[in-house]
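Structure file final.tsv (TSV, C-alpha atoms) follows.
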```
chain	number	residue	atom	x	y	z
N	129	MET	CA	-13.46	-3.30	22.71
N	130	THR	CA	-10.35	-5.25	21.67
N	131	ALA	CA	-7.43	-3.70	19.86
N	132	ALA	CA	-3.91	-4.48	18.63
N	133	THR	CA	-4.15	-8.24	19.09
N	134	TRP	CA	-3.05	-11.13	16.90
N	135	ASP	CA	-6.70	-11.84	16.08
N	136	GLU	CA	-6.57	-8.79	13.79
N	137	VAL	CA	-3.76	-10.29	11.71
N	138	LEU	CA	-5.56	-12.41	9.12
N	139	GLY	CA	-4.04	-14.70	6.51
N	140	GLN	CA	-0.53	-14.79	8.04
N	141	PRO	CA	-0.42	-17.72	10.52
N	142	ALA	CA	3.27	-18.52	9.94
N	143	ALA	CA	4.40	-14.91	10.42
N	144	VAL	CA	2.28	-14.53	13.57
N	145	GLN	CA	3.66	-17.74	15.04
N	146	THR	CA	7.24	-16.62	14.40
N	147	LEU	CA	6.68	-13.27	16.13
N	148	ARG	CA	4.90	-14.85	19.10
N	149	THR	CA	7.64	-17.46	19.49
N	150	ALA	CA	10.26	-14.70	19.53
N	151	LEU	CA	8.32	-12.91	22.27
N	152	VAL	CA	8.00	-16.03	24.43
N	153	ALA	CA	11.70	-16.88	24.04
N	154	ASP	CA	12.72	-13.24	24.63
N	155	GLU	CA	14.54	-13.33	21.29
N	156	VAL	CA	13.12	-10.18	19.70
N	157	ALA	CA	15.47	-9.09	16.92
N	158	HIS	CA	16.40	-5.42	16.78
N	159	ALA	CA	15.33	-5.32	13.09
N	160	TRP	CA	12.76	-7.33	11.13
N	161	LEU	CA	12.36	-7.49	7.36
N	162	LEU	CA	8.72	-8.11	6.38
N	163	VAL	CA	8.74	-9.27	2.76
N	164	GLY	CA	5.50	-9.54	0.81
N	165	PRO	CA	2.78	-7.72	-1.13
N	166	ARG	CA	1.72	-4.39	0.29
N	167	GLY	CA	-1.19	-4.33	2.72
N	168	VAL	CA	-1.63	-8.02	3.57
N	169	GLY	CA	-1.24	-7.62	7.33
N	170	GLN	CA	2.14	-5.99	7.91
N	171	GLN	CA	0.77	-2.97	9.76
N	172	GLU	CA	-1.62	-5.06	11.87
N	173	ALA	CA	1.17	-7.52	12.75
N	174	THR	CA	3.54	-4.69	13.68
N	175	ARG	CA	0.95	-3.12	15.97
N	176	ALA	CA	0.06	-6.43	17.63
N	177	PHE	CA	3.80	-7.01	18.13
N	178	ALA	CA	4.23	-3.52	19.57
N	179	ALA	CA	1.28	-4.05	21.92
N	180	ALA	CA	2.82	-7.27	23.22
N	181	LEU	CA	6.09	-5.43	23.85
N	182	ASN	CA	4.48	-2.45	25.59
N	183	CYS	CA	1.22	-3.56	27.21
N	184	PRO	CA	1.40	-2.82	30.97
N	185	GLU	CA	-1.26	-5.43	31.78
N	186	THR	CA	0.47	-8.57	30.45
N	187	THR	CA	3.91	-10.12	30.13
N	188	THR	CA	2.86	-12.81	27.64
N	189	ASP	CA	3.20	-12.98	23.86
N	190	GLN	CA	0.33	-10.57	23.22
N	191	GLY	CA	-1.17	-7.37	24.59
N	192	CYS	CA	-4.39	-7.42	26.54
N	193	GLY	CA	-6.18	-5.56	23.75
N	194	THR	CA	-8.31	-3.46	26.09
N	195	CYS	CA	-6.00	-1.10	27.98
N	196	SER	CA	-5.22	2.47	26.89
N	197	THR	CA	-1.80	1.43	25.57
N	198	CYS	CA	-3.20	-1.30	23.30
N	199	ARG	CA	-6.01	0.90	22.01
N	200	ARG	CA	-3.69	3.78	21.22
N	201	ILE	CA	-1.20	1.48	19.49
N	202	SER	CA	-4.06	0.12	17.38
N	203	ARG	CA	-5.00	3.69	16.35
N	204	GLY	CA	-1.38	4.63	15.65
N	205	ALA	CA	-1.49	7.21	18.45
N	206	HIS	CA	1.04	5.83	20.96
N	207	PRO	CA	4.41	7.61	21.34
N	208	ALA	CA	6.35	4.32	21.35
N	209	VAL	CA	5.09	3.27	17.92
N	210	ALA	CA	5.48	5.07	14.59
N	211	ASP	CA	4.89	4.37	10.91
N	212	LEU	CA	7.48	6.10	8.73
N	213	GLU	CA	6.40	6.83	5.16
N	214	PRO	CA	8.21	8.45	2.20
N	215	LYS	CA	7.47	12.13	1.70
N	216	GLY	CA	8.18	11.87	-2.03
N	217	ALA	CA	9.28	9.21	-4.48
N	218	ASN	CA	12.07	8.00	-2.19
N	219	TYR	CA	13.45	8.16	1.32
N	220	LEU	CA	16.48	10.46	1.34
N	221	VAL	CA	19.52	10.58	3.59
N	222	ASP	CA	18.06	13.66	5.33
N	223	ASP	CA	15.03	11.59	6.37
N	224	VAL	CA	17.34	9.13	8.11
N	225	ARG	CA	19.58	11.70	9.76
N	226	GLU	CA	17.03	14.37	10.65
N	227	GLU	CA	13.98	12.24	11.50
N	228	TRP	CA	14.76	8.58	12.08
N	229	MET	CA	17.95	8.91	14.13
N	230	PRO	CA	16.52	11.51	16.56
N	231	LEU	CA	13.34	9.47	16.89
N	232	ALA	CA	15.26	6.25	17.60
N	233	THR	CA	17.54	7.84	20.19
N	234	ARG	CA	14.90	9.93	21.96
N	235	THR	CA	14.16	8.90	25.55
N	236	LEU	CA	10.99	6.86	25.86
N	237	THR	CA	8.39	8.77	27.84
N	238	GLU	CA	5.96	5.85	27.84
N	239	GLY	CA	6.26	2.14	27.10
N	240	ARG	CA	9.15	-0.34	27.19
N	241	ARG	CA	10.18	-0.71	23.53
N	242	ARG	CA	9.94	1.72	20.63
N	243	VAL	CA	8.70	0.05	17.42
N	244	LEU	CA	9.43	1.94	14.19
N	245	ARG	CA	7.95	0.58	10.95
N	246	ILE	CA	9.40	1.82	7.65
N	247	SER	CA	6.71	1.45	5.00
N	248	ALA	CA	8.03	0.65	1.48
N	249	ALA	CA	11.57	0.47	2.84
N	250	GLU	CA	12.88	-0.49	-0.60
N	251	ARG	CA	12.35	3.16	-1.56
N	252	MET	CA	15.40	4.23	0.44
N	253	ASN	CA	17.99	5.47	-2.01
N	254	GLU	CA	21.55	4.19	-1.59
N	255	ALA	CA	22.73	7.15	0.49
N	256	ALA	CA	19.76	6.74	2.84
N	257	GLN	CA	20.47	3.01	3.16
N	258	ASN	CA	24.11	3.64	4.03
N	259	ALA	CA	23.07	6.15	6.69
N	260	PHE	CA	20.45	3.73	8.04
N	261	LEU	CA	23.07	0.96	8.14
N	262	LYS	CA	24.88	2.85	10.87
N	263	ILE	CA	21.76	2.61	13.05
N	264	LEU	CA	21.50	-1.12	12.41
N	265	GLU	CA	25.16	-1.67	13.25
N	266	GLU	CA	24.80	0.10	16.62
N	267	PRO	CA	21.10	-0.30	17.45
N	268	PRO	CA	19.65	1.48	20.47
N	269	PRO	CA	18.66	-1.29	22.92
N	270	SER	CA	15.05	-0.13	23.29
N	271	VAL	CA	14.26	0.14	19.56
N	272	VAL	CA	12.80	-2.46	17.20
N	273	TRP	CA	12.90	-1.60	13.49
N	274	VAL	CA	10.38	-3.13	11.08
N	275	LEU	CA	11.23	-2.78	7.39
N	276	ASP	CA	8.18	-3.40	5.20
N	277	VAL	CA	9.23	-4.30	1.62
N	278	GLU	CA	7.70	-5.89	-1.46
N	279	ASP	CA	11.10	-6.82	-2.92
N	280	GLU	CA	14.18	-7.00	-0.74
N	281	GLY	CA	16.33	-7.00	-3.90
N	282	ALA	CA	16.22	-3.19	-3.89
N	283	LEU	CA	17.98	-3.12	-0.49
N	284	LEU	CA	21.70	-3.37	0.11
N	285	GLU	CA	22.80	-6.83	1.17
N	286	THR	CA	24.42	-5.29	4.25
N	287	VAL	CA	21.00	-3.96	5.33
N	288	VAL	CA	19.19	-7.23	4.60
N	289	SER	CA	21.78	-9.29	6.48
N	290	ARG	CA	21.21	-7.30	9.68
N	291	CYS	CA	17.46	-8.00	9.73
N	292	ARG	CA	15.47	-11.10	10.56
N	293	ARG	CA	13.36	-11.96	7.52
N	294	LEU	CA	9.67	-12.71	7.82
N	295	ASP	CA	7.57	-13.55	4.75
N	296	PHE	CA	4.03	-12.22	4.31
N	297	VAL	CA	1.86	-13.88	1.67
N	298	PRO	CA	-1.22	-12.84	-0.32
N	299	TRP	CA	-4.50	-13.70	1.35
N	300	GLY	CA	-6.17	-16.92	0.31
N	301	PRO	CA	-9.72	-17.23	-1.07
N	302	ALA	CA	-11.20	-18.21	2.31
N	303	GLU	CA	-9.92	-15.09	4.10
N	304	LEU	CA	-10.89	-12.82	1.21
N	305	THR	CA	-14.37	-14.33	0.97
N	306	GLY	CA	-14.88	-13.74	4.68
N	307	ARG	CA	-13.70	-10.15	4.33
N	308	ALA	CA	-16.01	-9.66	1.32
N	309	ALA	CA	-18.96	-10.75	3.47
N	310	THR	CA	-17.89	-8.29	6.18
N	311	LEU	CA	-17.71	-5.53	3.57
N	312	GLY	CA	-21.27	-6.27	2.48
N	313	VAL	CA	-20.42	-7.59	-0.98
N	314	PRO	CA	-23.46	-9.51	-2.34
N	315	GLU	CA	-22.85	-13.26	-2.22
N	316	GLU	CA	-23.23	-13.74	-5.98
N	317	GLN	CA	-20.48	-11.15	-6.61
N	318	ARG	CA	-17.96	-12.52	-4.12
N	319	PRO	CA	-16.16	-15.10	-6.31
N	320	ALA	CA	-15.42	-12.50	-9.00
N	321	MET	CA	-14.44	-9.86	-6.42
N	322	VAL	CA	-12.13	-12.28	-4.61
N	323	ARG	CA	-10.36	-13.13	-7.87
N	324	ALA	CA	-10.08	-9.45	-8.85
N	325	ALA	CA	-8.60	-8.59	-5.42
N	326	LEU	CA	-5.36	-10.39	-6.36
N	327	GLY	CA	-4.82	-11.60	-2.79
N	328	SER	CA	-5.02	-8.08	-1.34
N	329	PRO	CA	-7.58	-7.19	1.35
N	330	GLU	CA	-6.95	-3.51	0.62
N	331	ARG	CA	-7.81	-3.98	-3.06
N	332	LEU	CA	-10.90	-5.96	-2.06
N	333	ALA	CA	-12.04	-3.07	0.17
N	334	ASP	CA	-11.45	-0.70	-2.76
N	335	LEU	CA	-13.55	-2.87	-5.07
N	336	ALA	CA	-16.39	-2.77	-2.53
N	337	ASP	CA	-16.44	1.03	-2.97
N	338	PRO	CA	-19.07	1.74	-5.67
N	339	ASP	CA	-17.02	4.56	-7.20
N	340	ILE	CA	-13.90	2.39	-7.53
N	341	ALA	CA	-15.97	-0.58	-8.72
N	342	LYS	CA	-17.38	1.60	-11.54
N	343	ALA	CA	-13.89	2.91	-12.31
N	344	ARG	CA	-12.64	-0.68	-12.63
N	345	TRP	CA	-15.21	-1.34	-15.36
N	346	ASP	CA	-14.03	1.81	-17.14
N	347	HIS	CA	-10.40	0.68	-16.82
N	348	LEU	CA	-11.13	-2.80	-18.15
N	349	SER	CA	-13.09	-1.40	-21.10
N	350	LEU	CA	-10.19	0.79	-22.25
N	351	LEU	CA	-9.03	-1.72	-24.86
N	352	ASP	CA	-12.50	-1.82	-26.40
N	353	ARG	CA	-12.63	1.99	-26.38
N	354	LEU	CA	-9.26	2.19	-28.14
N	355	ALA	CA	-10.19	-0.54	-30.60
N	356	THR	CA	-13.45	1.12	-31.63
N	357	GLY	CA	-12.39	4.77	-31.33
N	358	GLY	CA	-8.82	4.52	-32.55
N	359	PRO	CA	-5.74	6.47	-31.36
N	360	GLY	CA	-7.82	9.63	-31.15
N	361	GLU	CA	-9.30	8.27	-27.92
N	362	VAL	CA	-5.91	8.18	-26.16
N	363	ILE	CA	-5.71	11.79	-24.98
N	364	PRO	CA	-9.30	12.10	-23.71
N	365	ALA	CA	-9.09	8.67	-22.04
N	366	ALA	CA	-5.86	9.60	-20.25
N	367	LYS	CA	-7.30	12.95	-19.17
N	368	GLU	CA	-10.46	11.32	-17.81
N	369	ARG	CA	-8.54	8.75	-15.79
N	370	VAL	CA	-6.28	11.39	-14.22
N	371	GLN	CA	-9.29	13.58	-13.45
N	372	TRP	CA	-10.93	10.62	-11.74
N	373	ALA	CA	-7.81	10.02	-9.62
N	374	ARG	CA	-7.78	13.70	-8.65
N	375	SER	CA	-11.46	13.61	-7.75
N	376	ARG	CA	-10.72	10.89	-5.22
N	377	VAL	CA	-8.50	13.35	-3.32
N	378	ALA	CA	-11.50	15.52	-2.32
N	379	PRO	CA	-12.60	13.29	0.63
N	380	VAL	CA	-8.99	13.23	1.86
N	381	LYS	CA	-8.90	17.03	1.78
N	382	GLU	CA	-12.14	17.13	3.78
N	383	ARG	CA	-10.77	14.74	6.43
N	384	ASN	CA	-7.57	16.77	6.66
N	385	ALA	CA	-9.52	20.02	7.05
N	386	GLU	CA	-11.63	18.50	9.83
N	387	GLU	CA	-8.52	17.21	11.64
N	388	LEU	CA	-6.93	20.66	11.35
N	389	ARG	CA	-10.09	22.26	12.76
N	390	GLN	CA	-10.23	19.87	15.71
N	391	LEU	CA	-6.56	20.35	16.52
N	392	GLY	CA	-6.99	24.11	16.24
N	393	GLU	CA	-9.76	23.96	18.82
N	394	ALA	CA	-7.61	21.80	21.09
N	395	PHE	CA	-4.74	24.30	20.89
N	396	GLY	CA	-7.05	27.29	21.31
N	397	VAL	CA	-6.16	28.72	17.91
N	398	GLU	CA	-7.85	31.94	16.85
N	399	GLY	CA	-7.46	32.73	13.18
N	400	SER	CA	-3.87	31.84	12.38
N	401	GLN	CA	-2.61	32.64	15.89
N	402	GLY	CA	-1.99	30.15	18.67
N	403	TRP	CA	-0.36	27.22	16.89
N	404	PRO	CA	2.67	25.76	18.73
N	405	PRO	CA	5.92	26.36	16.79
N	406	GLY	CA	6.23	24.13	13.75
N	407	VAL	CA	3.03	22.15	14.37
N	408	LYS	CA	0.91	23.64	11.59
N	409	ALA	CA	3.77	23.36	9.08
N	410	ARG	CA	4.25	19.67	9.93
N	411	LEU	CA	0.52	19.05	9.63
N	412	THR	CA	0.38	20.82	6.28
N	413	ARG	CA	3.24	18.68	4.93
N	414	ARG	CA	1.55	15.51	6.17
N	415	PHE	CA	-1.78	16.49	4.64
N	416	GLU	CA	-0.15	17.27	1.29
N	417	ARG	CA	1.60	13.90	1.39
N	418	LEU	CA	-1.68	12.08	2.12
N	419	GLU	CA	-3.35	13.85	-0.80
N	420	ARG	CA	-0.52	12.94	-3.19
N	421	GLN	CA	-0.60	9.36	-1.97
N	422	GLU	CA	-4.34	9.04	-2.62
N	423	GLN	CA	-4.01	10.28	-6.19
N	424	ARG	CA	-1.10	7.92	-6.80
N	425	ARG	CA	-3.00	5.03	-5.21
N	426	CYS	CA	-5.85	5.56	-7.65
N	427	LEU	CA	-3.47	5.65	-10.61
N	428	ASP	CA	-2.00	2.38	-9.34
N	429	LEU	CA	-5.50	0.89	-9.28
N	430	LEU	CA	-5.80	1.77	-12.98
N	431	LEU	CA	-2.43	0.19	-13.76
N	432	ASP	CA	-3.28	-2.91	-11.74
N	433	ASP	CA	-6.56	-3.27	-13.64
N	434	LEU	CA	-4.87	-2.88	-17.02
N	435	ALA	CA	-2.11	-5.34	-16.13
N	436	SER	CA	-4.60	-7.94	-14.91
N	437	TYR	CA	-6.67	-7.54	-18.10
N	438	LEU	CA	-3.64	-7.96	-20.35
N	439	ARG	CA	-2.54	-10.98	-18.34
N	440	ASP	CA	-6.01	-12.49	-18.72
N	441	LEU	CA	-5.89	-11.71	-22.44
N	442	LEU	CA	-2.73	-13.79	-22.78
N	443	ALA	CA	-4.31	-16.57	-20.72
N	444	VAL	CA	-7.37	-16.66	-22.99
N	445	GLN	CA	-5.16	-16.76	-26.08
N	446	ALA	CA	-3.40	-19.75	-24.51
N	447	GLY	CA	-6.70	-21.56	-24.01
N	448	ALA	CA	-7.51	-20.63	-20.40
N	449	GLY	CA	-10.89	-19.57	-19.13
N	450	GLY	CA	-13.29	-19.51	-16.24
N	451	ALA	CA	-11.67	-19.78	-12.82
N	452	GLU	CA	-8.20	-19.37	-14.34
N	453	LEU	CA	-8.93	-15.70	-15.05
N	454	VAL	CA	-8.44	-12.79	-12.66
N	455	ASN	CA	-11.34	-10.85	-14.17
N	456	LEU	CA	-14.01	-13.55	-14.07
N	457	ASP	CA	-16.76	-11.05	-14.71
N	458	HIS	CA	-15.18	-9.92	-18.02
N	459	GLU	CA	-14.66	-13.26	-19.74
N	460	ALA	CA	-16.84	-12.39	-22.75
N	461	ALA	CA	-14.98	-9.09	-23.30
N	462	LEU	CA	-11.64	-10.86	-22.93
N	463	ARG	CA	-12.54	-13.38	-25.63
N	464	ARG	CA	-13.55	-10.53	-27.92
N	465	ASP	CA	-10.35	-8.55	-27.29
N	466	ALA	CA	-8.16	-11.66	-27.58
N	467	ASP	CA	-8.95	-11.55	-31.32
N	468	ARG	CA	-8.11	-7.85	-31.51
N	469	LEU	CA	-4.70	-7.64	-29.80
N	470	PRO	CA	-1.96	-10.10	-30.77
N	471	ALA	CA	-0.15	-11.84	-27.90
N	472	ALA	CA	3.16	-10.13	-28.70
N	473	ASP	CA	1.51	-6.72	-28.44
N	474	ALA	CA	-0.19	-7.70	-25.17
N	475	VAL	CA	3.27	-8.49	-23.76
N	476	VAL	CA	4.54	-5.10	-24.97
N	477	GLY	CA	1.52	-3.56	-23.26
N	478	LEU	CA	2.42	-5.23	-19.97
N	479	GLN	CA	5.93	-3.85	-20.27
N	480	ALA	CA	4.45	-0.41	-20.92
N	481	VAL	CA	2.43	-0.68	-17.69
N	482	VAL	CA	5.67	-1.35	-15.80
N	483	ARG	CA	7.39	1.63	-17.46
N	484	CYS	CA	4.43	3.88	-16.64
N	485	ARG	CA	4.56	2.87	-12.99
N	486	GLU	CA	8.30	3.51	-12.85
N	487	ALA	CA	7.84	6.93	-14.47
N	488	LEU	CA	5.18	7.83	-11.88
N	489	ASP	CA	7.64	6.74	-9.18
N	490	ARG	CA	9.98	9.39	-10.58
N	491	ASN	CA	7.18	11.97	-10.38
N	492	GLY	CA	6.48	11.91	-14.12
N	493	ASN	CA	3.46	13.86	-15.37
N	494	PRO	CA	0.50	11.43	-14.97
N	495	GLU	CA	-1.36	12.48	-18.14
N	496	LEU	CA	1.73	12.23	-20.33
N	497	GLN	CA	2.70	8.84	-18.91
N	498	LEU	CA	-0.81	7.44	-19.37
N	499	GLU	CA	-0.88	8.76	-22.92
N	500	ARG	CA	2.35	6.91	-23.68
N	501	LEU	CA	0.91	3.72	-22.22
N	502	LEU	CA	-2.40	3.97	-24.06
N	503	TYR	CA	-0.71	4.75	-27.39
N	504	THR	CA	1.29	1.55	-26.94
N	505	LEU	CA	-2.02	-0.32	-26.82
N	506	ALA	CA	-3.95	1.78	-29.35
N	507	LEU	CA	-1.55	1.55	-32.29
N	508	PRO	CA	-1.53	-2.27	-32.68
N	509	LEU	CA	-5.30	-2.31	-32.18
N	510	TYR	CA	-5.64	0.29	-34.94
N	511	ARG	CA	-3.33	-1.65	-37.27
N	512	ALA	CA	-5.28	-4.86	-36.65
N	513	ALA	CA	-8.58	-3.12	-37.34
```

Structure rendered as structure tokens:
Amino acid sequence: MTAATWDEVLGQPAAVQTLRTALVADEVAHAWLLVGPRGVGQQEATRAFAAALNCPETTTDQGCGTCSTCRRISRGAHPAVADLEPKGANYLVDDVREEWMPLATRTLTEGRRRVLRISAAERMNEAAQNAFLKILEEPPPSVVWVLDVEDEGALLETVVSRCRRLDFVPWGPAELTGRAATLGVPEEQRPAMVRAALGSPERLADLADPDIAKARWDHLSLLDRLATGGPGEVIPAAKERVQWARSRVAPVKERNAEELRQLGEAFGVEGSQGWPPGVKARLTRRFERLERQEQRRCLDLLLDDLASYLRDLLAVQAGAGGAELVNLDHEAALRRDADRLPAADAVVGLQAVVRCREALDRNGNPELQLERLLYTLALPLYRAA
């Protein structure tokens, strides 16, 4: 079995070549800024990079892929490699001082270089960034930081200037089509699925899930529901979408419960006795974070679907069609709704999607925020009708 190799990093040849060249030249920067859409290979590239830095079997620009070190790095289970994720809406200064700094300065018990990836690094608030800047100004020699961001504009210039930038791009049609085949998507559905994936392999994998595929059809039919049912459909529609997002948390809870059970057996826990100090509390916090993240991820799927539909609506009103649309499989519905919602109101709807997402980032009540968004769409549809 191979693991943590560059072969796993698809759709990013330029980024891979830059990292491999740095390894060969022994010019590995102490901090890298990976800029691009979420989930297009940043984690895989970071782990392949970490394997090359830590594999005991090779001294080349990549790990062997078969040793214990490479396999554990691939699973995210090696002590020299960590993915740091926000516990709430933002990273706070306490995260930097109480977690990141001790982790970066801790003596390595295994491996040669510690690789720490900060997911969604743009979510550091200003105080956290200023605290993190001190680490970048005096970096521990054995640590490589990887800041994963969608938009570096949210970071302080002093932080950006101390990192080596590396751009990650959306996947192209060829890579996505190949992944669709791997996921078992029927050949006749692949062109539409590839377009709807918006360059994201993670979104493509979601669309291959029957439950999420059905939910997408529900999301894309919301305008028709509001047009035919009027503003009275807003509250039940918002409630149903939030309930669906919450229902998707159940499998995460089951996985977390099974992990807790297995760890309890490993530690010899009986009842609530036998846990090492602090371990169960840390696990509980991590599980709660994973459950919140899954619900939010599903709400983001809804917002992505709505935004893509409104964008397509504007494209149809401008004379576009066919392969120019994101939602190829909804062209007939788009042409119908293009006559229902004026272009100016579609633009306002897109702005409302952005505001809804920002409100959710601030931990706004999901039902209330979705109601606000759907009313923004329902009222002009009602007036037009």

Next on the checklist: The residues within 9 Å of (-5.5, -14.9, -6.8), using only C-alpha atoms and the coordinates of the file, should be reported as a list in words; which are they?
Outcome noted: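 Looking at atoms near the point gives Pro298, Trp299, Gly300, Pro301, Val322, Arg323, Ala324, Ala325, Leu326, Gly327, Ser328, Leu453 and Val454 of chain N.
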
Give me, as a compact mmCIF listing (two decimals) with C-alpha atoms, keeping the file's coordinate frame, all polymer residues having an atom no more than 12 Å from Leu505 (chain N), counting only C-alpha atoms and skipping those fewer than 3 positions away in the same chain.
```txt
# COMPACT_ATOMS: atom_id res chain seq x y z
CA LEU N 350 -10.19 0.79 -22.25
CA LEU N 351 -9.03 -1.72 -24.86
CA ASP N 352 -12.50 -1.82 -26.40
CA ARG N 353 -12.63 1.99 -26.38
CA LEU N 354 -9.26 2.19 -28.14
CA ALA N 355 -10.19 -0.54 -30.60
CA GLY N 358 -8.82 4.52 -32.55
CA PRO N 359 -5.74 6.47 -31.36
CA GLU N 361 -9.30 8.27 -27.92
CA VAL N 362 -5.91 8.18 -26.16
CA LEU N 434 -4.87 -2.88 -17.02
CA ALA N 435 -2.11 -5.34 -16.13
CA LEU N 438 -3.64 -7.96 -20.35
CA ASP N 465 -10.35 -8.55 -27.29
CA ARG N 468 -8.11 -7.85 -31.51
CA LEU N 469 -4.70 -7.64 -29.80
CA PRO N 470 -1.96 -10.10 -30.77
CA ALA N 471 -0.15 -11.84 -27.90
CA ALA N 472 3.16 -10.13 -28.70
CA ASP N 473 1.51 -6.72 -28.44
CA ALA N 474 -0.19 -7.70 -25.17
CA VAL N 475 3.27 -8.49 -23.76
CA VAL N 476 4.54 -5.10 -24.97
CA GLY N 477 1.52 -3.56 -23.26
CA LEU N 478 2.42 -5.23 -19.97
CA GLN N 479 5.93 -3.85 -20.27
CA ALA N 480 4.45 -0.41 -20.92
CA VAL N 481 2.43 -0.68 -17.69
CA LEU N 498 -0.81 7.44 -19.37
CA GLU N 499 -0.88 8.76 -22.92
CA ARG N 500 2.35 6.91 -23.68
CA LEU N 501 0.91 3.72 -22.22
CA LEU N 502 -2.40 3.97 -24.06
CA PRO N 508 -1.53 -2.27 -32.68
CA LEU N 509 -5.30 -2.31 -32.18
CA TYR N 510 -5.64 0.29 -34.94
CA ARG N 511 -3.33 -1.65 -37.27
CA ALA N 512 -5.28 -4.86 -36.65
```

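A straight line drawn from CA of Ala409 (chain N) to CA of Arg241 (chain N) is 28.8 Å long.
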
Between CA of Val224 (chain N) and CA of Asn491 (chain N) lies a distance of 21.3 Å

Correct to one decimal, the distance CA of Cys198 (chain N)-CA of Glu185 (chain N) is 9.6 Å

Around all listed atoms of region 500-506 of chain N, padded 4 Å per side, what centre and edge lengths does the axis-aligned box have in Å to one decimal, as lines of an AutoDock Vina configuration file?
```
center_x = -0.8
center_y = 3.3
center_z = -25.8
size_x = 14.3
size_y = 15.2
size_z = 15.1
```

* Of the listed residues N:Leu138, N:Gly281, N:Arg483, N:Arg242, that which approaches Gly306 (chain N) most closely, counting only C-alpha atoms ->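 Checking each of N:Leu138, N:Gly281, N:Arg483, N:Arg242 against Gly306 (chain N), counting only C-alpha atoms, the winner is N:Leu138.
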
Contacts of Gln423 (chain N) at 7 Å or less, counting only C-alpha atoms, minus same-chain residues fewer than 6 places along, as number ranges by chain?
-> N: 373-374, 376-377

With C-alpha atoms retained, write the just-selected residues as a PDB file, keeping the file's coordinate frame.
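File part_13.pdb, as written:
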```pdb
ATOM      1  CA  ALA N 373      -7.810  10.020  -9.620  1.00  0.00           C
ATOM      2  CA  ARG N 374      -7.780  13.700  -8.650  1.00  0.00           C
ATOM      3  CA  ARG N 376     -10.720  10.890  -5.220  1.00  0.00           C
ATOM      4  CA  VAL N 377      -8.500  13.350  -3.320  1.00  0.00           C
TER       5      VAL N 377
END
```

Go ahead and find all residues with at least one atom no further than 6 Å from (7.6, -2.7, 17.9) in the file's coordinates, using all atoms listed in the file; report them as JSON, numbers by chain.
{"N": [177, 178, 242, 243, 272]}

Please write C-alpha atoms of region 149-161 of chain N, from the structure given just now, as an mmCIF file, in the first residue's frame.
```
data_model
loop_
_atom_site.group_PDB
_atom_site.id
_atom_site.type_symbol
_atom_site.label_atom_id
_atom_site.label_comp_id
_atom_site.auth_asym_id
_atom_site.auth_seq_id
_atom_site.Cartn_x
_atom_site.Cartn_y
_atom_site.Cartn_z
ATOM 1 C CA THR N 149 12.185 21.677 -6.121
ATOM 2 C CA ALA N 150 12.466 23.245 -2.662
ATOM 3 C CA LEU N 151 13.158 19.811 -1.179
ATOM 4 C CA VAL N 152 15.862 18.971 -3.726
ATOM 5 C CA ALA N 153 17.563 22.356 -3.271
ATOM 6 C CA ASP N 154 17.237 22.145 0.538
ATOM 7 C CA GLU N 155 15.396 25.476 0.449
ATOM 8 C CA VAL N 156 12.339 24.582 2.514
ATOM 9 C CA ALA N 157 10.791 27.802 3.803
ATOM 10 C CA HIS N 158 9.807 27.909 7.466
ATOM 11 C CA ALA N 159 6.286 29.050 6.460
ATOM 12 C CA TRP N 160 4.206 28.435 3.333
ATOM 13 C CA LEU N 161 1.011 30.221 2.307
#
```
